[in-house]
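Next comes structure-v5.cif, a file with mmCIF, C-alpha atoms.
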data_structure
loop_
_atom_site.group_PDB
_atom_site.id
_atom_site.type_symbol
_atom_site.label_atom_id
_atom_site.label_comp_id
_atom_site.auth_asym_id
_atom_site.auth_seq_id
_atom_site.Cartn_x
_atom_site.Cartn_y
_atom_site.Cartn_z
ATOM 1 C CA MET W 958 0.000 0.000 0.000
ATOM 2 C CA PRO W 959 1.336 3.482 -0.808
ATOM 3 C CA ILE W 960 2.159 5.418 2.354
ATOM 4 C CA THR W 961 0.422 8.451 0.846
ATOM 5 C CA GLU W 962 -2.830 6.442 0.664
ATOM 6 C CA PHE W 963 -2.359 5.293 4.270
ATOM 7 C CA MET W 964 -1.831 8.928 5.362
ATOM 8 C CA HIS W 965 -5.092 9.889 3.660
ATOM 9 C CA LYS W 966 -6.842 7.029 5.496
ATOM 10 C CA LEU W 967 -5.483 8.564 8.726
ATOM 11 C CA GLY W 968 -7.166 11.837 7.775
ATOM 12 C CA CYS W 969 -3.938 13.624 6.822
ATOM 13 C CA LYS W 970 -3.879 15.875 3.785
ATOM 14 C CA SER W 971 -0.705 16.628 1.869
ATOM 15 C CA THR W 972 0.639 20.160 2.087
ATOM 16 C CA LYS W 973 3.074 20.100 -0.842
ATOM 17 C CA LYS W 974 4.074 17.879 -3.759
ATOM 18 C CA ARG W 975 7.438 18.131 -5.481
ATOM 19 C CA GLY W 976 8.393 15.440 -7.972
ATOM 20 C CA LYS W 977 8.408 12.115 -6.142
ATOM 21 C CA GLU W 978 8.129 13.846 -2.721
ATOM 22 C CA VAL W 979 4.815 14.451 -0.947
ATOM 23 C CA TRP W 980 4.822 16.442 2.314
ATOM 24 C CA PHE W 981 2.479 16.125 5.303
ATOM 25 C CA HIS W 982 2.248 17.152 8.946
ATOM 26 C CA ALA W 983 3.545 14.240 11.052
ATOM 27 C CA PRO W 984 0.423 12.404 12.346
ATOM 28 C CA TYR W 985 1.926 11.158 15.664
ATOM 29 C CA ARG W 986 3.382 14.368 17.107
ATOM 30 C CA SER W 987 2.897 18.120 17.174
ATOM 31 C CA ASP W 988 4.208 19.354 13.839
ATOM 32 C CA SER W 989 3.428 23.011 13.115
ATOM 33 C CA THR W 990 5.649 23.067 10.008
ATOM 34 C CA PRO W 991 5.166 20.083 7.670
ATOM 35 C CA SER W 992 8.304 17.971 8.053
ATOM 36 C CA PHE W 993 6.970 14.508 7.114
ATOM 37 C CA CYS W 994 8.104 13.622 3.580
ATOM 38 C CA VAL W 995 7.000 10.543 1.597
ATOM 39 C CA ASN W 996 9.108 9.284 -1.294
ATOM 40 C CA THR W 997 6.436 7.826 -3.588
ATOM 41 C CA GLU W 998 8.997 6.010 -5.733
ATOM 42 C CA LYS W 999 10.533 4.051 -2.849
ATOM 43 C CA ASN W 1000 7.348 4.133 -0.706
ATOM 44 C CA ILE W 1001 9.244 5.219 2.416
ATOM 45 C CA PHE W 1002 8.962 8.269 4.646
ATOM 46 C CA ASN W 1003 11.330 10.585 6.465
ATOM 47 C CA ASP W 1004 10.253 12.740 9.403
ATOM 48 C CA PHE W 1005 12.938 15.408 9.377
ATOM 49 C CA GLY W 1006 11.568 17.064 12.500
ATOM 50 C CA ALA W 1007 11.989 13.924 14.644
ATOM 51 C CA GLY W 1008 14.846 12.232 12.796
ATOM 52 C CA VAL W 1009 12.919 9.027 12.003
ATOM 53 C CA GLY W 1010 11.935 7.223 8.836
ATOM 54 C CA GLY W 1011 11.084 3.875 7.297
ATOM 55 C CA ASP W 1012 8.265 1.959 5.643
ATOM 56 C CA ILE W 1013 4.531 1.764 6.354
ATOM 57 C CA PHE W 1014 5.087 -0.626 9.287
ATOM 58 C CA THR W 1015 7.504 1.835 10.888
ATOM 59 C CA LEU W 1016 4.836 4.520 10.526
ATOM 60 C CA ALA W 1017 2.194 2.261 12.101
ATOM 61 C CA GLY W 1018 4.595 1.541 14.975
ATOM 62 C CA LEU W 1019 5.005 5.257 15.620
ATOM 63 C CA MET W 1020 1.226 5.723 15.630
ATOM 64 C CA ILE W 1021 0.635 2.992 18.243
ATOM 65 C CA ASN W 1022 4.032 3.201 19.988
ATOM 66 C CA SER W 1023 4.857 -0.456 19.328
ATOM 67 C CA ASN W 1024 7.690 -2.371 17.656
ATOM 68 C CA ASP W 1025 5.562 -5.527 17.394
ATOM 69 C CA PHE W 1026 5.163 -6.395 13.709
ATOM 70 C CA MET W 1027 1.745 -8.058 14.036
ATOM 71 C CA ALA W 1028 0.408 -5.165 16.111
ATOM 72 C CA GLN W 1029 1.553 -2.805 13.350
ATOM 73 C CA ALA W 1030 -0.068 -5.007 10.684
ATOM 74 C CA ARG W 1031 -3.351 -5.142 12.619
ATOM 75 C CA TYR W 1032 -3.351 -1.357 12.973
ATOM 76 C CA ILE W 1033 -2.816 -0.893 9.226
ATOM 77 C CA ALA W 1034 -5.636 -3.373 8.584
ATOM 78 C CA GLU W 1035 -7.994 -1.486 10.899
ATOM 79 C CA VAL W 1036 -7.216 1.919 9.400
ATOM 80 C CA THR W 1037 -7.606 0.700 5.819
ATOM 81 C CA ASN W 1038 -10.528 -1.681 6.507
ATOM 82 C CA ASN W 1039 -8.562 -4.647 5.159
ATOM 83 C CA PRO W 1040 -8.981 -7.593 7.569
ATOM 84 C CA ILE W 1041 -5.982 -9.851 8.109
ATOM 85 C CA GLU W 1042 -6.911 -13.324 6.888
ATOM 86 C CA ARG W 1043 -3.766 -15.145 7.998
ATOM 87 C CA SER W 1044 -3.015 -15.352 11.702
ATOM 88 C CA GLU W 1045 0.312 -17.200 11.650
ATOM 89 C CA PRO W 1046 3.152 -15.403 13.429
ATOM 90 C CA PRO W 1047 5.786 -13.975 11.081
ATOM 91 C CA LYS W 1048 8.882 -16.058 10.471
ATOM 92 C CA TYR W 1049 11.041 -13.078 11.374
ATOM 93 C CA GLU W 1050 10.641 -9.588 12.718
ATOM 94 C CA PRO W 1051 12.416 -6.713 10.990
ATOM 95 C CA GLU W 1052 14.892 -4.654 12.946
ATOM 96 C CA PRO W 1053 13.024 -1.735 14.490
ATOM 97 C CA THR W 1054 13.720 1.599 12.824
ATOM 98 C CA VAL W 1055 11.901 3.666 15.446
ATOM 99 C CA PRO W 1056 14.521 5.840 17.178
ATOM 100 C CA GLN W 1057 15.604 4.385 20.493
ATOM 101 C CA PHE W 1058 16.282 6.920 23.217
ATOM 102 C CA THR W 1059 18.816 5.404 25.596
ATOM 103 C CA ASP W 1060 20.686 6.504 28.716
ATOM 104 C CA VAL W 1061 17.881 8.957 29.497
ATOM 105 C CA GLU W 1062 18.735 11.137 32.502
ATOM 106 C CA VAL W 1063 16.283 13.652 33.970
ATOM 107 C CA LYS W 1064 17.508 16.545 36.114
ATOM 108 C CA PRO W 1065 16.357 20.052 37.110
ATOM 109 C CA LEU W 1066 16.393 22.517 34.220
ATOM 110 C CA GLY W 1067 19.475 24.681 34.449
ATOM 111 C CA HIS W 1068 21.663 24.388 31.351
ATOM 112 C CA PRO W 1069 22.460 27.919 30.058
ATOM 113 C CA ALA W 1070 21.940 26.917 26.410
ATOM 114 C CA LEU W 1071 18.434 25.589 27.105
ATOM 115 C CA LEU W 1072 17.427 28.573 29.220
ATOM 116 C CA SER W 1073 18.773 30.885 26.515
ATOM 117 C CA TYR W 1074 16.710 29.038 23.879
ATOM 118 C CA LEU W 1075 13.538 29.462 25.951
ATOM 119 C CA ARG W 1076 14.278 33.144 26.626
ATOM 120 C CA GLU W 1077 14.580 33.642 22.862
ATOM 121 C CA ARG W 1078 11.026 32.319 22.651
ATOM 122 C CA GLY W 1079 9.891 34.740 25.358
ATOM 123 C CA ILE W 1080 9.816 32.276 28.279
ATOM 124 C CA PRO W 1081 11.458 33.542 31.520
ATOM 125 C CA SER W 1082 13.841 31.173 33.283
ATOM 126 C CA ASP W 1083 11.777 31.013 36.495
ATOM 127 C CA ILE W 1084 8.631 29.864 34.672
ATOM 128 C CA ALA W 1085 10.619 27.398 32.572
ATOM 129 C CA SER W 1086 12.426 25.891 35.565
ATOM 130 C CA ALA W 1087 9.202 25.515 37.555
ATOM 131 C CA ASN W 1088 7.463 23.545 34.798
ATOM 132 C CA CYS W 1089 10.162 21.769 32.802
ATOM 133 C CA VAL W 1090 13.128 19.488 33.348
ATOM 134 C CA GLU W 1091 16.453 18.966 31.620
ATOM 135 C CA ILE W 1092 16.873 15.674 29.788
ATOM 136 C CA HIS W 1093 20.123 14.119 28.607
ATOM 137 C CA TYR W 1094 19.841 11.145 26.268
ATOM 138 C CA ARG W 1095 21.527 9.158 23.534
ATOM 139 C CA LEU W 1096 20.018 8.852 20.060
ATOM 140 C CA HIS W 1097 21.697 7.181 17.081
ATOM 141 C CA ASP W 1098 24.791 6.689 19.258
ATOM 142 C CA LYS W 1099 25.161 10.408 19.925
ATOM 143 C CA GLN W 1100 24.654 12.332 23.164
ATOM 144 C CA TYR W 1101 22.091 15.155 23.304
ATOM 145 C CA PHE W 1102 20.294 17.317 25.851
ATOM 146 C CA ALA W 1103 16.976 19.150 25.673
ATOM 147 C CA VAL W 1104 14.159 20.809 27.588
ATOM 148 C CA GLY W 1105 11.730 18.138 28.766
ATOM 149 C CA PHE W 1106 8.036 18.476 29.598
ATOM 150 C CA PRO W 1107 6.485 15.408 31.296
ATOM 151 C CA ASN W 1108 3.162 13.852 30.410
ATOM 152 C CA GLU W 1109 0.819 11.769 32.554
ATOM 153 C CA ASP W 1110 2.098 8.422 31.245
ATOM 154 C CA GLY W 1111 5.770 8.988 32.003
ATOM 155 C CA GLY W 1112 6.857 10.234 28.575
ATOM 156 C CA TYR W 1113 8.341 13.613 27.700
ATOM 157 C CA GLU W 1114 8.001 16.239 25.013
ATOM 158 C CA ILE W 1115 11.534 17.403 24.254
ATOM 159 C CA ARG W 1116 12.750 20.608 22.608
ATOM 160 C CA ASN W 1117 16.001 22.370 21.944
ATOM 161 C CA ARG W 1118 17.099 24.823 19.294
ATOM 162 C CA PHE W 1119 17.629 22.028 16.761
ATOM 163 C CA PHE W 1120 15.186 19.268 17.667
ATOM 164 C CA LYS W 1121 11.483 18.804 18.366
ATOM 165 C CA GLY W 1122 10.176 15.386 19.338
ATOM 166 C CA SER W 1123 9.067 13.183 22.205
ATOM 167 C CA ILE W 1124 10.250 10.304 24.350
ATOM 168 C CA PRO W 1125 7.429 7.702 24.437
ATOM 169 C CA PRO W 1126 4.811 7.092 25.572
ATOM 170 C CA LYS W 1127 2.858 9.965 24.047
ATOM 171 C CA ALA W 1128 0.106 11.391 26.281
ATOM 172 C CA VAL W 1129 -1.485 14.598 27.569
ATOM 173 C CA SER W 1130 -0.190 16.635 30.512
ATOM 174 C CA LEU W 1131 -2.623 17.798 33.227
ATOM 175 C CA LEU W 1132 -1.553 20.541 35.650
ATOM 176 C CA LYS W 1133 -4.014 21.155 38.474
ATOM 177 C CA ASN W 1134 -4.540 24.292 40.544
ATOM 178 C CA GLY W 1135 -7.825 23.202 42.133
ATOM 179 C CA SER W 1136 -10.031 25.140 39.722
ATOM 180 C CA VAL W 1137 -13.353 24.326 38.010
ATOM 181 C CA ASN W 1138 -12.041 26.061 34.877
ATOM 182 C CA ILE W 1139 -9.317 24.712 32.613
ATOM 183 C CA ASN W 1140 -7.107 26.041 29.804
ATOM 184 C CA VAL W 1141 -6.314 23.738 26.875
ATOM 185 C CA TYR W 1142 -3.116 24.169 24.855
ATOM 186 C CA GLU W 1143 -1.701 22.183 21.933
ATOM 187 C CA GLY W 1144 1.926 22.261 23.088
ATOM 188 C CA PHE W 1145 3.872 23.029 26.236
ATOM 189 C CA ILE W 1146 5.638 26.073 24.737
ATOM 190 C CA ASP W 1147 2.186 27.632 24.296
ATOM 191 C CA TYR W 1148 1.320 26.703 27.891
ATOM 192 C CA LEU W 1149 4.504 28.385 29.159
ATOM 193 C CA SER W 1150 3.680 31.382 26.966
ATOM 194 C CA GLY W 1151 0.228 31.629 28.552
ATOM 195 C CA LEU W 1152 1.787 31.582 32.025
ATOM 196 C CA THR W 1153 4.225 34.306 30.962
ATOM 197 C CA MET W 1154 1.287 36.450 29.815
ATOM 198 C CA GLY W 1155 -0.465 35.912 33.159
ATOM 199 C CA TYR W 1156 -2.982 33.237 32.149
ATOM 200 C CA GLY W 1157 -3.395 29.824 33.747
ATOM 201 C CA ARG W 1158 -1.951 30.630 37.168
ATOM 202 C CA THR W 1159 -5.241 29.997 38.975
ATOM 203 C CA GLU W 1160 -7.048 27.742 36.471
ATOM 204 C CA ASP W 1161 -6.144 24.141 35.774
ATOM 205 C CA ASN W 1162 -4.225 23.564 32.551
ATOM 206 C CA LEU W 1163 -4.167 20.708 30.059
ATOM 207 C CA VAL W 1164 -1.520 20.354 27.342
ATOM 208 C CA LEU W 1165 -2.512 17.993 24.529
ATOM 209 C CA ASN W 1166 1.092 17.559 23.289
ATOM 210 C CA SER W 1167 -0.578 16.943 19.895
ATOM 211 C CA VAL W 1168 -4.127 17.440 18.626
ATOM 212 C CA ALA W 1169 -4.030 13.689 17.916
ATOM 213 C CA ASN W 1170 -4.346 13.238 21.707
ATOM 214 C CA ARG W 1171 -7.752 14.960 21.793
ATOM 215 C CA ASP W 1172 -9.677 11.803 22.702
ATOM 216 C CA LYS W 1173 -7.259 11.135 25.583
ATOM 217 C CA ALA W 1174 -8.178 14.532 27.040
ATOM 218 C CA TYR W 1175 -11.914 13.869 27.374
ATOM 219 C CA LYS W 1176 -11.613 11.933 30.643
ATOM 220 C CA HIS W 1177 -10.021 15.028 32.197
ATOM 221 C CA LEU W 1178 -12.212 17.700 30.603
ATOM 222 C CA ASP W 1179 -15.587 16.111 31.378
ATOM 223 C CA GLY W 1180 -15.771 17.562 34.909
ATOM 224 C CA TYR W 1181 -14.977 21.241 34.218
ATOM 225 C CA ASP W 1182 -17.383 24.183 34.140
ATOM 226 C CA LEU W 1183 -15.418 26.193 31.567
ATOM 227 C CA ILE W 1184 -12.920 24.998 28.957
ATOM 228 C CA ASN W 1185 -10.742 27.810 27.608
ATOM 229 C CA CYS W 1186 -9.167 26.716 24.316
ATOM 230 C CA TRP W 1187 -5.855 28.276 23.291
ATOM 231 C CA LEU W 1188 -5.564 26.189 20.134
ATOM 232 C CA ASP W 1189 -3.564 27.146 17.057
ATOM 233 C CA ASN W 1190 -5.064 29.333 14.353
ATOM 234 C CA ASP W 1191 -4.751 26.640 11.697
ATOM 235 C CA LYS W 1192 -6.882 23.869 10.256
ATOM 236 C CA ALA W 1193 -5.881 21.267 12.858
ATOM 237 C CA GLY W 1194 -6.538 23.693 15.701
ATOM 238 C CA ARG W 1195 -9.940 24.657 14.343
ATOM 239 C CA GLN W 1196 -10.942 21.028 13.865
ATOM 240 C CA CYS W 1197 -9.954 20.250 17.442
ATOM 241 C CA LEU W 1198 -11.909 23.271 18.706
ATOM 242 C CA GLU W 1199 -14.992 22.183 16.750
ATOM 243 C CA ALA W 1200 -14.786 18.680 18.217
ATOM 244 C CA LEU W 1201 -14.607 20.093 21.750
ATOM 245 C CA GLN W 1202 -17.517 22.456 21.059
ATOM 246 C CA LYS W 1203 -19.578 19.556 19.749
ATOM 247 C CA ARG W 1204 -18.925 17.570 22.939
ATOM 248 C CA TYR W 1205 -19.099 20.348 25.556
ATOM 249 C CA GLY W 1206 -21.242 23.045 23.916
ATOM 250 C CA GLU W 1207 -21.264 26.441 25.626
ATOM 251 C CA LYS W 1208 -18.656 25.348 28.171
ATOM 252 C CA VAL W 1209 -16.007 25.845 25.489
ATOM 253 C CA ARG W 1210 -14.568 29.322 24.950
ATOM 254 C CA ASP W 1211 -12.310 30.143 22.005
ATOM 255 C CA PHE W 1212 -9.308 32.105 23.275
ATOM 256 C CA SER W 1213 -7.509 32.076 19.911
ATOM 257 C CA VAL W 1214 -8.979 35.566 19.438
ATOM 258 C CA VAL W 1215 -6.418 36.780 22.001
ATOM 259 C CA PHE W 1216 -3.444 35.990 19.758
ATOM 260 C CA ARG W 1217 -4.881 36.483 16.261
ATOM 261 C CA PRO W 1218 -3.619 36.920 13.590
ATOM 262 C CA CYS W 1219 -0.632 34.975 14.952
ATOM 263 C CA LYS W 1220 -0.580 31.225 14.450
ATOM 264 C CA ASP W 1221 -0.149 30.340 18.123
ATOM 265 C CA VAL W 1222 0.313 31.776 21.607
ATOM 266 C CA ASN W 1223 4.110 31.696 21.495
ATOM 267 C CA GLU W 1224 4.321 33.576 18.208
ATOM 268 C CA TYR W 1225 2.086 36.254 19.712
ATOM 269 C CA LEU W 1226 4.215 36.421 22.887
ATOM 270 C CA GLN W 1227 7.396 36.895 20.859
ATOM 271 C CA GLN W 1228 5.804 39.692 18.834
ATOM 272 C CA GLN W 1229 4.815 41.431 22.061
#

Please express what this file holds, its structure, as structure tokens.
Amino acid sequence: MPITEFMHKLGCKSTKKRGKEVWFHAPYRSDSTPSFCVNTEKNIFNDFGAGVGGDIFTLAGLMINSNDFMAQARYIAEVTNNPIERSEPPKYEPEPTVPQFTDVEVKPLGHPALLSYLRERGIPSDIASANCVEIHYRLHDKQYFAVGFPNEDGGYEIRNRFFKGSIPPKAVSLLKNGSVNINVYEGFIDYLSGLTMGYGRTEDNLVLNSVANRDKAYKHLDGYDLINCWLDNDKAGRQCLEALQKRYGEKVRDFSVVFRPCKDVNEYLQQQ
């Protein structure tokens, strides 16, 4: 099956076509700038934003966070409505091409380069240090470090000046202040930007860490009186907002008007 067809089955629309290359937003992580490229001739993909690539099974593994070949095959079958007729185990399993983060070390955020990167994005060091950690890790046999933002399942969103990705598992992040109102952000940089602007210090806050995690957020959002949505001013953000409005009705308030015409909260903060 062509990966481009599988992406369309996932609900992803291409953003650019150039020769044998078709570009998308990565479907398994927050990807504001399309960095997911499919080579239609070789039927492989490269996610330049996360440094991963491979075939359709690799892509399925990233979507379900599994290296198990049969689990990947079942997921592809479900998405494409093609039932698997044979149930025998495979004679071999391919070497996993999903990036393996190793030697992960978590410590308090304090590295000057990381704090400088966040200050360039308008985030003060005190707010960053109170909400984020510093993560050192190995990837492709090289040592790296980045700002880490934990989620509820023990994974981390990681950012530095050169890299944007996540250490599995992928999940939402809930930050409670004992309020009946909650702010919803797509990414943690937007959440930190809201705090910098004075929002979210008394309300609860939920960071999706990707609009693909919307369904995982429902169990948290169901009990709130007001849901303030700080979602991006793009198609994915609007679709997520519409889904929340359909589920929660008048409880949902659209706060994207605060930072229009900017794409997201952080872009607005930097312009201010």

Exercise. Where does the PyMOL selection byres ((chain W and resi 1013-1019) around 10) land in this file, that is, which residues does it pick, as a PyMOL selection string?
Worked result: chain W and resi 958-961+963-964+983-986+1000-1004+1009-1012+1020-1033+1036+1051+1053-1056+1125+1127

For this session: Would you write out, as a list in words, every residue that the PyMOL selection byres ((chain W and resi 1150) around 10) captures in this file?
Result: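 So the PyMOL selection byres ((chain W and resi 1150) around 10) ends up selecting Arg1078, Gly1079, Ile1080, Pro1081, Ile1084, Ala1085, Phe1145, Ile1146, Asp1147, Tyr1148, Leu1149, Gly1151, Leu1152, Thr1153, Met1154, Gly1155, Tyr1156, Gly1157, Asp1221, Val1222, Asn1223, Glu1224, Tyr1225, Leu1226 and Gln1227 of chain W.
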
Exercise. What is the distance between CA of Asp1110 in chain W and CA of Ala1200 in chain W, in Å to one decimal?
Worked result: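 A separation of 23.7 Å between them.
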
Exercise. Given the choices W:Asn1140, W:Asn1038, W:Gln1229, W:Ser992, which gets closest to Gly1008 in chain W if the distance is worked out from all atoms listed in the file?
Worked result: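 Closest to Gly1008 in chain W of all the choices is W:Ser992.
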
Exercise. Quick one: of W:Ala1128, W:Val1141, W:Ile1092, W:Val979, who's nearest to Asp1189 in chain W, counting all atoms listed in the file?
Worked result: W:Val1141

Problem set entry | Contacts of range 1209-1218 of chain W at 6 Å (only C-alpha atoms; same-chain gap of 2+ positions) as a PyMOL selection string | chain W and resi 1184-1187+1202+1207+1222+1225
